[in-house]
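Undergrad: Compact mmCIF, C-alpha atoms, saved as query-v8.txt, coming up:
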```txt
# COMPACT_ATOMS: atom_id res chain seq x y z
CA MET A 1 -10.37 -14.93 -12.53
CA ARG A 2 -7.83 -12.10 -12.24
CA PRO A 3 -5.37 -11.94 -15.10
CA THR A 4 -2.42 -9.62 -14.52
CA LEU A 5 -2.00 -7.55 -17.65
CA PRO A 6 0.29 -4.76 -18.87
CA LEU A 7 -0.95 -1.44 -20.19
CA SER A 8 1.96 0.70 -21.33
CA THR A 9 4.02 1.13 -18.14
CA TRP A 10 1.27 -0.10 -15.76
CA ILE A 11 0.47 -3.59 -14.55
CA ILE A 12 -3.20 -4.14 -13.75
CA ALA A 13 -4.93 -7.16 -12.19
CA VAL A 14 -8.30 -7.28 -13.95
CA ASP A 15 -11.55 -9.00 -13.04
CA LEU A 16 -12.83 -9.60 -16.58
CA ASP A 17 -16.30 -10.82 -15.52
CA ALA A 18 -16.87 -7.75 -13.34
CA THR A 19 -15.48 -5.52 -16.12
CA ARG A 20 -17.99 -7.02 -18.58
CA SER A 21 -20.79 -6.40 -16.07
CA ILE A 22 -19.95 -2.69 -15.70
CA ARG A 23 -19.75 -2.40 -19.50
CA ARG A 24 -23.38 -3.54 -19.69
CA GLN A 25 -24.58 -0.88 -17.25
CA GLY A 26 -26.87 1.66 -18.78
CA GLY A 27 -26.26 5.34 -18.46
CA HIS A 28 -22.66 5.62 -19.58
CA PRO A 29 -22.46 9.14 -21.00
CA ALA A 30 -20.76 8.08 -24.24
CA GLU A 31 -22.35 4.64 -24.69
CA GLU A 32 -25.25 5.61 -26.94
CA CYS A 33 -24.53 9.30 -27.44
CA LEU A 34 -25.09 10.60 -30.96
CA CYS A 35 -23.46 14.04 -30.56
CA ALA A 36 -20.92 15.09 -33.18
CA ASP A 37 -17.91 14.47 -30.90
CA CYS A 38 -19.00 10.95 -29.92
CA MET A 39 -19.79 10.10 -33.55
CA THR A 40 -16.36 11.39 -34.58
CA TRP A 41 -14.72 9.20 -31.92
CA LYS A 42 -16.63 6.12 -33.14
CA ARG A 43 -15.39 6.86 -36.65
CA VAL A 44 -11.71 7.39 -35.70
CA ALA A 45 -11.30 5.10 -32.65
CA ALA A 46 -9.79 2.19 -34.60
CA LYS A 47 -6.80 4.33 -35.64
CA ALA A 48 -6.66 6.97 -32.88
CA LEU A 49 -4.44 5.09 -30.41
CA PRO A 50 -0.98 3.62 -31.00
CA SER A 51 -1.17 0.13 -32.52
CA GLY A 52 0.90 -1.34 -29.67
CA LEU A 53 -1.91 -0.55 -27.23
CA ASP A 54 -4.63 -2.29 -29.26
CA GLU A 55 -3.98 -5.80 -27.98
CA GLN A 56 -3.40 -4.61 -24.42
CA LEU A 57 -6.74 -2.78 -24.38
CA LYS A 58 -8.58 -5.79 -25.83
CA ARG A 59 -7.08 -8.08 -23.18
CA LEU A 60 -8.32 -5.66 -20.49
CA GLY A 61 -11.85 -5.94 -21.88
CA ILE A 62 -11.86 -2.47 -23.44
CA GLU A 63 -13.59 -1.75 -26.73
CA LYS A 64 -12.00 1.42 -28.12
CA ASP A 65 -15.16 2.58 -29.88
CA LYS A 66 -17.19 2.30 -26.64
CA PRO A 67 -15.65 4.62 -24.06
CA THR A 68 -17.30 5.26 -20.74
CA ASP A 69 -17.02 8.99 -21.30
CA LEU A 70 -15.33 11.47 -23.63
CA TYR A 71 -15.19 15.10 -24.51
CA VAL A 72 -13.30 17.41 -26.85
CA TYR A 73 -11.24 20.03 -25.06
CA GLY A 74 -9.57 21.66 -28.05
CA ARG A 75 -10.49 22.29 -31.66
CA HIS A 76 -7.94 23.18 -34.32
CA GLU A 77 -8.07 23.07 -38.08
CA GLY A 78 -7.80 19.40 -39.00
CA ARG A 79 -7.39 18.21 -35.38
CA LEU A 80 -9.47 17.57 -32.28
CA ASP A 81 -8.07 17.20 -28.76
CA PHE A 82 -10.00 14.45 -26.97
CA ARG A 83 -10.17 13.16 -23.43
CA VAL A 84 -11.42 9.57 -23.64
CA MET A 85 -12.01 7.38 -20.58
CA PHE A 86 -12.58 3.67 -20.16
CA HIS A 87 -13.10 1.71 -16.95
CA VAL A 88 -12.15 -1.77 -15.81
CA VAL A 89 -12.60 -3.57 -12.50
CA GLY A 90 -9.37 -4.54 -10.79
CA LYS A 91 -6.29 -3.25 -9.04
CA ILE A 92 -3.35 -1.18 -10.23
CA LEU A 93 -0.30 -3.23 -9.22
CA SER A 94 2.39 -0.89 -10.53
CA GLY A 95 2.92 2.12 -12.76
CA ALA A 96 3.32 5.87 -12.79
CA SER A 97 1.60 7.97 -10.15
CA PRO A 98 -1.65 9.53 -11.33
CA TRP A 99 -0.52 12.88 -9.88
CA LEU A 100 2.35 15.18 -10.78
CA GLN A 101 4.69 15.64 -7.85
CA GLY A 102 5.74 19.09 -6.62
CA SER A 103 3.13 21.04 -8.54
CA ASP A 104 2.64 24.60 -7.29
CA GLU A 105 -0.93 24.54 -8.61
CA GLY A 106 -2.13 21.72 -6.37
CA ARG A 107 -2.74 18.20 -7.55
CA MET A 108 -2.47 17.87 -11.32
CA HIS A 109 -3.11 14.83 -13.47
CA ASN A 110 0.03 13.02 -14.60
CA TYR A 111 -0.29 11.80 -18.19
CA HIS A 112 2.42 9.43 -19.42
CA VAL A 113 3.32 10.14 -23.07
CA VAL A 114 2.76 6.96 -25.08
CA GLN A 115 3.11 8.64 -28.48
CA SER A 116 4.38 12.03 -29.55
CA GLU A 117 4.23 11.72 -33.36
CA PRO A 118 2.32 11.92 -35.66
CA THR A 119 -0.15 12.98 -32.96
CA TRP A 120 0.27 13.29 -29.21
CA VAL A 121 -1.25 10.60 -26.95
CA GLY A 122 -1.04 10.70 -23.15
CA LEU A 123 -2.28 8.00 -20.76
CA ARG A 124 -3.18 8.17 -17.08
CA VAL A 125 -4.24 5.14 -15.05
CA SER A 126 -5.85 5.77 -11.67
CA LYS A 127 -8.50 4.58 -9.30
CA ALA A 128 -11.79 5.90 -10.63
CA TRP A 129 -12.34 8.24 -7.67
CA ASP A 130 -9.04 9.96 -8.54
CA SER A 131 -10.30 10.93 -11.99
CA PHE A 132 -13.09 13.24 -10.75
CA GLU A 133 -15.20 12.08 -13.71
CA TYR A 134 -18.17 9.79 -14.14
CA ALA A 135 -17.42 6.12 -13.41
CA PRO A 136 -19.61 3.02 -13.45
CA HIS A 137 -20.45 1.30 -10.17
CA VAL A 138 -19.46 -2.23 -9.13
CA GLU A 139 -21.75 -4.60 -7.29
CA LYS A 140 -21.34 -4.64 -3.51
CA ASP A 141 -19.97 -8.20 -3.47
CA VAL A 142 -17.10 -7.40 -5.83
CA GLN A 143 -13.95 -6.81 -3.76
CA SER A 144 -12.17 -4.72 -6.34
CA ASP A 145 -11.75 -1.16 -7.42
CA VAL A 146 -12.91 0.55 -10.57
CA VAL A 147 -9.84 1.67 -12.52
CA CYS A 148 -9.96 4.60 -14.94
CA ILE A 149 -7.99 4.29 -18.18
CA ASP A 150 -7.77 7.94 -19.18
CA PHE A 151 -6.41 9.15 -22.53
CA ARG A 152 -5.76 12.68 -23.69
CA LEU A 153 -4.97 12.63 -27.37
CA GLN A 154 -4.94 14.48 -30.62
CA VAL A 155 -6.98 13.09 -33.50
CA LEU A 156 -6.62 14.19 -37.09
CA VAL A 157 -10.00 14.76 -38.72
```
Reformat the file's structure so that it appears as structure tokens.
TA:
Amino acid sequence: MRPTLPLSTWIIAVDLDATRSIRRQGGHPAEECLCADCMTWKRVAAKALPSGLDEQLKRLGIEKDKPTDLYVYGRHEGRLDFRVMFHVVGKILSGASPWLQGSDEGRMHNYHVVQSEPTWVGLRVSKAWDSFEYAPHVEKDVQSDVVCIDFRLQVLV
């Protein structure tokens, strides 16, 4: 079954069974991690993303408190800057390019702003191999791609 689902400005055809199977793979860096940053994310995940994305993420088979990978790239008083990644199995049917065009610095990630206040949230959707980060593997008989749902966001702590 391949439902076609929206995520912000993207349309993704998702194989929910295959997505569930990659979620059950062991070894995801953030799955069972108990470091301070992962524990903070588990505590704030329910309120960290815009409410309009909640239902879209659920329909894609994403559990916000169980990212594939995450890290903090900035620390400020009262705020952490996170990069949080989730993965689904499917195809990107439409949406913004994952790369900024005309960059003098080479290829740069293109994050679409989905919220600017009270905290900034950017979203990038790409094939997993375009994220240059860890991604789960699909079984050989699955004729789909792994798609990376990649957030950069500010979280108030």
Undergrad: What's the separation between atom CA of Phe82 of chain A and atom CA of Ala48 of chain A, in Å to one decimal place?
TA: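 Separating atom CA of Phe82 of chain A from atom CA of Ala48 of chain A is a distance of 10.1 Å.
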Undergrad: Just give me the gap between atom CA of Leu7 of chain A and atom CA of Leu156 of chain A in Å, one decimal is fine.
TA: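 Taking atom CA of Leu7 of chain A and atom CA of Leu156 of chain A, their separation equals 23.7 Å.
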Undergrad: Would you compute the distance between atom CA of Glu139 of chain A and atom CA of Ile22 of chain A? Give it in Å to one decimal.
TA: 8.8 Å
Undergrad: What's around Ile92 of chain A at 9 Å? Count only C-alpha atoms, leave out sequence neighbours fewer than 6 positions away in its own chain, and write the answer as an NGL selection string.
TA: :A and (10-14 or 125-127 or 145 or 147)
Undergrad: List as a list in words the protein and nucleic acid residues near Phe86 of chain A, meaning an atom at most 10 Å away when all atoms listed in the file are counted, but skip any in the same chain fewer than 4 places from it.
TA: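 After dropping sequence-adjacent residues, the list is Arg23, Leu57, Gly61, Ile62, Glu63, Lys64, Lys66, Pro67, Thr68, Asp69, Leu70, Val125, Ala128, Ala135, Pro136, Val147, Cys148, Ile149, Asp150 and Phe151 of chain A.
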Undergrad: For the residues in the current selection, export C-alpha atoms as a compact mmCIF listing (two decimals), keeping the file's coordinate frame.
TA:
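So part.txt came out as:
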```txt
# COMPACT_ATOMS: atom_id res chain seq x y z
CA ARG A 23 -19.75 -2.40 -19.50
CA LEU A 57 -6.74 -2.78 -24.38
CA GLY A 61 -11.85 -5.94 -21.88
CA ILE A 62 -11.86 -2.47 -23.44
CA GLU A 63 -13.59 -1.75 -26.73
CA LYS A 64 -12.00 1.42 -28.12
CA LYS A 66 -17.19 2.30 -26.64
CA PRO A 67 -15.65 4.62 -24.06
CA THR A 68 -17.30 5.26 -20.74
CA ASP A 69 -17.02 8.99 -21.30
CA LEU A 70 -15.33 11.47 -23.63
CA VAL A 125 -4.24 5.14 -15.05
CA ALA A 128 -11.79 5.90 -10.63
CA ALA A 135 -17.42 6.12 -13.41
CA PRO A 136 -19.61 3.02 -13.45
CA VAL A 147 -9.84 1.67 -12.52
CA CYS A 148 -9.96 4.60 -14.94
CA ILE A 149 -7.99 4.29 -18.18
CA ASP A 150 -7.77 7.94 -19.18
CA PHE A 151 -6.41 9.15 -22.53
```
Undergrad: Would you please work out which residue, of A:Ala46, A:Val157, A:Pro118, A:His112, is nearest to Arg79 of chain A when using only C-alpha atoms?
TA: A:Val157
Undergrad: Closest to Lys91 of chain A among A:Val72, A:Val121, A:Cys35, A:Val146, using all atoms listed in the file?
TA: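 Answer, going by the shortest atom-to-atom distance: A:Val146.
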Undergrad: Counting only C-alpha atoms, which residues come within 6 Å of (2.4, 16.3, -11.1), with the point read in the file's coordinates, and could you list them as JSON, numbers by chain?
TA: {"A": [99, 100, 101, 103, 108, 110]}
Undergrad: Write to file, as a PDB file, keeping the file's coordinate frame, the residues of the selection just made, with C-alpha atoms.
TA:
```
ATOM      1  CA  TRP A  99      -0.520  12.880  -9.880  1.00  0.00           C
ATOM      2  CA  LEU A 100       2.350  15.180 -10.780  1.00  0.00           C
ATOM      3  CA  GLN A 101       4.690  15.640  -7.850  1.00  0.00           C
ATOM      4  CA  SER A 103       3.130  21.040  -8.540  1.00  0.00           C
ATOM      5  CA  MET A 108      -2.470  17.870 -11.320  1.00  0.00           C
ATOM      6  CA  ASN A 110       0.030  13.020 -14.600  1.00  0.00           C
TER       7      ASN A 110
END
```
Undergrad: For Pro3 of chain A, which residue among A:Met85, A:Cys38, A:Val44, A:Leu16 is the nearest when counting only C-alpha atoms?
TA: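 Looking at the shortest contact to Pro3 of chain A, the residue is A:Leu16.
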